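J.: After the structure tokens below, expect a handful of questions from me.
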Amino acid sequence: MSERGHRRVQTGVVISNKMEKTVVVKVDRLVKHQIYNKFIKRSVKYKVHDEKNICKIGDKVQIIECRPLSKDKRWNLKQISECIS
């Protein structure tokens, strides 16, 4: 059986867990400026489905792309890399 299409995997930090089964994850990336050739930090916030409500603020997590689960949720929690106790 063939796998479904290529799913993106990204790493970020949980910044909010106030919703039921949903966390907000901030993903940072470095982009090189076209003229000045310096690196600029860009960040994006994603709403991620957390079925068991196990994430806490400050946890470093891996997220994987999935089908639309709600109006804003398009990512699933893959694993927690670093736990903040």
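By convention here, the chains of the structure tokens are called A, B, ... in the order presented, each chain's residues are numbered starting at 1, and ligands are numbered starting at 1 in the order presented.
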Just want the 7 Å neighbourhood of segment 25-27 of chain A, counted on only C-alpha atoms, with same-chain residues fewer than 6 positions away dropped. Output as a list in words.

T.: Thr11, Gly12, Val13, Val14, Ile15, Ser43, Val44, Lys45, Tyr46, Lys47 and Val48 of chain A

J.: Show which residues sit within 8 Å of Gln62 of chain A, as a PyMOL selection string. Count only C-alpha atoms, and ignore same-chain residues fewer than 5 positions away.

T.: chain A and resi 9-12+77-81

J.: Write the residues of the selection above to a file with N, CA and C atoms, as a short mmCIF file (atom, residue, chain, number, x, y, z; two decimals), in the first residue's frame.

T.:
```
data_model
loop_
_atom_site.label_atom_id
_atom_site.label_comp_id
_atom_site.auth_asym_id
_atom_site.auth_seq_id
_atom_site.Cartn_x
_atom_site.Cartn_y
_atom_site.Cartn_z
N VAL A 9 6.99 18.27 8.02
CA VAL A 9 7.22 18.15 9.46
C VAL A 9 8.02 19.37 9.89
N GLN A 10 7.56 20.05 10.95
CA GLN A 10 8.25 21.22 11.44
C GLN A 10 8.41 21.13 12.95
N THR A 11 9.36 21.90 13.48
CA THR A 11 9.64 21.92 14.91
C THR A 11 9.37 23.31 15.45
N GLY A 12 8.70 23.38 16.59
CA GLY A 12 8.39 24.67 17.18
C GLY A 12 8.19 24.58 18.68
N LEU A 77 -0.05 16.91 16.18
CA LEU A 77 1.12 16.74 17.04
C LEU A 77 1.77 15.41 16.70
N LYS A 78 3.07 15.43 16.36
CA LYS A 78 3.79 14.20 16.05
C LYS A 78 4.45 13.66 17.31
N GLN A 79 5.26 14.50 17.97
CA GLN A 79 5.90 14.08 19.22
C GLN A 79 6.38 15.30 19.99
N ILE A 80 6.62 15.09 21.27
CA ILE A 80 7.20 16.15 22.11
C ILE A 80 8.70 15.88 22.21
N SER A 81 9.51 16.83 21.73
CA SER A 81 10.96 16.66 21.73
C SER A 81 11.56 16.95 23.10
#
```

J.: If you count only C-alpha atoms, which residues fall within 9 Å of Lys56 of chain A, apart from same-chain ones fewer than 5 positions away, as an MDAnalysis selection string?

T.: chainID A and resid 14:17 23 83:85

J.: Could those selected residues go to a file with C-alpha atoms, as an mmCIF file, in the first residue's frame?

T.:
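Written out: result-v6.cif:
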```cif
data_model
loop_
_atom_site.group_PDB
_atom_site.id
_atom_site.type_symbol
_atom_site.label_atom_id
_atom_site.label_comp_id
_atom_site.auth_asym_id
_atom_site.auth_seq_id
_atom_site.Cartn_x
_atom_site.Cartn_y
_atom_site.Cartn_z
ATOM 1 C CA VAL A 14 4.145 25.660 22.373
ATOM 2 C CA ILE A 15 3.038 29.188 23.283
ATOM 3 C CA SER A 16 -0.587 28.504 24.310
ATOM 4 C CA ASN A 17 -2.573 25.500 25.520
ATOM 5 C CA VAL A 23 -2.274 24.103 21.137
ATOM 6 C CA CYS A 83 9.400 18.639 27.987
ATOM 7 C CA ILE A 84 9.372 21.667 30.300
ATOM 8 C CA SER A 85 8.304 20.593 33.797
#
```

J.: Taking the DSSP assignment computed from this structure's backbone, write out as an mmCIF file with N, CA and C atoms, in the first residue's frame all residues of segment 24-62 of chain A that belong to strand (DSSP E).

T.:
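Wrote out26.cif, looks like this:
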```
data_model
loop_
_atom_site.group_PDB
_atom_site.id
_atom_site.type_symbol
_atom_site.label_atom_id
_atom_site.label_comp_id
_atom_site.auth_asym_id
_atom_site.auth_seq_id
_atom_site.Cartn_x
_atom_site.Cartn_y
_atom_site.Cartn_z
ATOM 1 N N VAL A 24 -1.224 26.142 20.395
ATOM 2 C CA VAL A 24 -0.655 27.065 19.416
ATOM 3 C C VAL A 24 0.858 26.897 19.473
ATOM 4 N N VAL A 25 1.453 26.624 18.304
ATOM 5 C CA VAL A 25 2.886 26.371 18.206
ATOM 6 C C VAL A 25 3.522 27.453 17.351
ATOM 7 N N LYS A 26 4.627 28.032 17.852
ATOM 8 C CA LYS A 26 5.367 29.061 17.115
ATOM 9 C C LYS A 26 6.575 28.404 16.463
ATOM 10 N N VAL A 27 6.673 28.534 15.127
ATOM 11 C CA VAL A 27 7.772 27.954 14.364
ATOM 12 C C VAL A 27 8.631 29.090 13.826
ATOM 13 N N ASP A 28 9.924 29.080 14.162
ATOM 14 C CA ASP A 28 10.857 30.110 13.701
ATOM 15 C C ASP A 28 11.676 29.578 12.530
ATOM 16 N N ARG A 29 12.031 30.474 11.610
ATOM 17 C CA ARG A 29 12.928 30.115 10.518
ATOM 18 C C ARG A 29 13.788 31.327 10.189
ATOM 19 N N LEU A 30 14.954 31.088 9.603
ATOM 20 C CA LEU A 30 15.853 32.164 9.215
ATOM 21 C C LEU A 30 15.765 32.377 7.710
ATOM 22 N N VAL A 31 15.628 33.643 7.313
ATOM 23 C CA VAL A 31 15.525 34.007 5.903
ATOM 24 C C VAL A 31 16.637 34.997 5.592
ATOM 25 N N LYS A 32 17.317 34.796 4.485
ATOM 26 C CA LYS A 32 18.401 35.690 4.100
ATOM 27 C C LYS A 32 17.839 36.904 3.356
ATOM 28 N N PHE A 39 20.766 37.437 7.922
ATOM 29 C CA PHE A 39 19.663 36.535 8.205
ATOM 30 C C PHE A 39 18.658 37.199 9.131
ATOM 31 N N ILE A 40 17.389 37.074 8.784
ATOM 32 C CA ILE A 40 16.286 37.659 9.540
ATOM 33 C C ILE A 40 15.450 36.514 10.103
ATOM 34 N N LYS A 41 15.047 36.616 11.365
ATOM 35 C CA LYS A 41 14.207 35.594 11.969
ATOM 36 C C LYS A 41 12.741 35.874 11.649
ATOM 37 N N ARG A 42 12.084 34.914 11.034
ATOM 38 C CA ARG A 42 10.652 34.999 10.733
ATOM 39 C C ARG A 42 9.951 33.905 11.529
ATOM 40 N N SER A 43 8.762 34.203 12.022
ATOM 41 C CA SER A 43 8.039 33.196 12.788
ATOM 42 C C SER A 43 6.583 33.129 12.329
ATOM 43 N N VAL A 44 6.005 31.933 12.481
ATOM 44 C CA VAL A 44 4.619 31.677 12.120
ATOM 45 C C VAL A 44 3.987 30.911 13.273
ATOM 46 N N LYS A 45 2.709 31.197 13.553
ATOM 47 C CA LYS A 45 1.988 30.466 14.591
ATOM 48 C C LYS A 45 0.981 29.526 13.929
ATOM 49 N N TYR A 46 1.001 28.261 14.350
ATOM 50 C CA TYR A 46 0.075 27.258 13.836
ATOM 51 C C TYR A 46 -0.786 26.731 14.968
ATOM 52 N N LYS A 47 -2.059 26.443 14.669
ATOM 53 C CA LYS A 47 -2.915 25.743 15.611
ATOM 54 C C LYS A 47 -2.759 24.254 15.329
ATOM 55 N N VAL A 48 -2.462 23.494 16.384
ATOM 56 C CA VAL A 48 -2.104 22.088 16.249
ATOM 57 C C VAL A 48 -3.066 21.240 17.076
ATOM 58 N N HIS A 49 -3.497 20.114 16.502
ATOM 59 C CA HIS A 49 -4.400 19.199 17.198
ATOM 60 C C HIS A 49 -3.610 18.351 18.193
ATOM 61 N N LYS A 60 9.006 21.860 23.452
ATOM 62 C CA LYS A 60 9.469 21.838 22.071
ATOM 63 C C LYS A 60 8.831 20.627 21.402
ATOM 64 N N VAL A 61 8.102 20.844 20.314
ATOM 65 C CA VAL A 61 7.324 19.771 19.696
ATOM 66 C C VAL A 61 7.602 19.670 18.204
ATOM 67 N N GLN A 62 7.310 18.486 17.656
ATOM 68 C CA GLN A 62 7.321 18.287 16.213
ATOM 69 C C GLN A 62 5.873 18.175 15.769
#
```

J.: Using only C-alpha atoms, which protein or nucleic acid residues come within 10 Å of Lys52 of chain A? Drop anything in the same chain fewer than 5 positions from it, and give the result as a list of chain:residue names.

T.: A:Glu20, A:Lys21, A:Thr22

J.: Please report the interatomic distance between atom CA of His6 of chain A and atom CA of Glu65 of chain A in Å with one decimal.

T.: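 Calculated distance between atom CA of His6 of chain A and atom CA of Glu65 of chain A is 9.0 Å.
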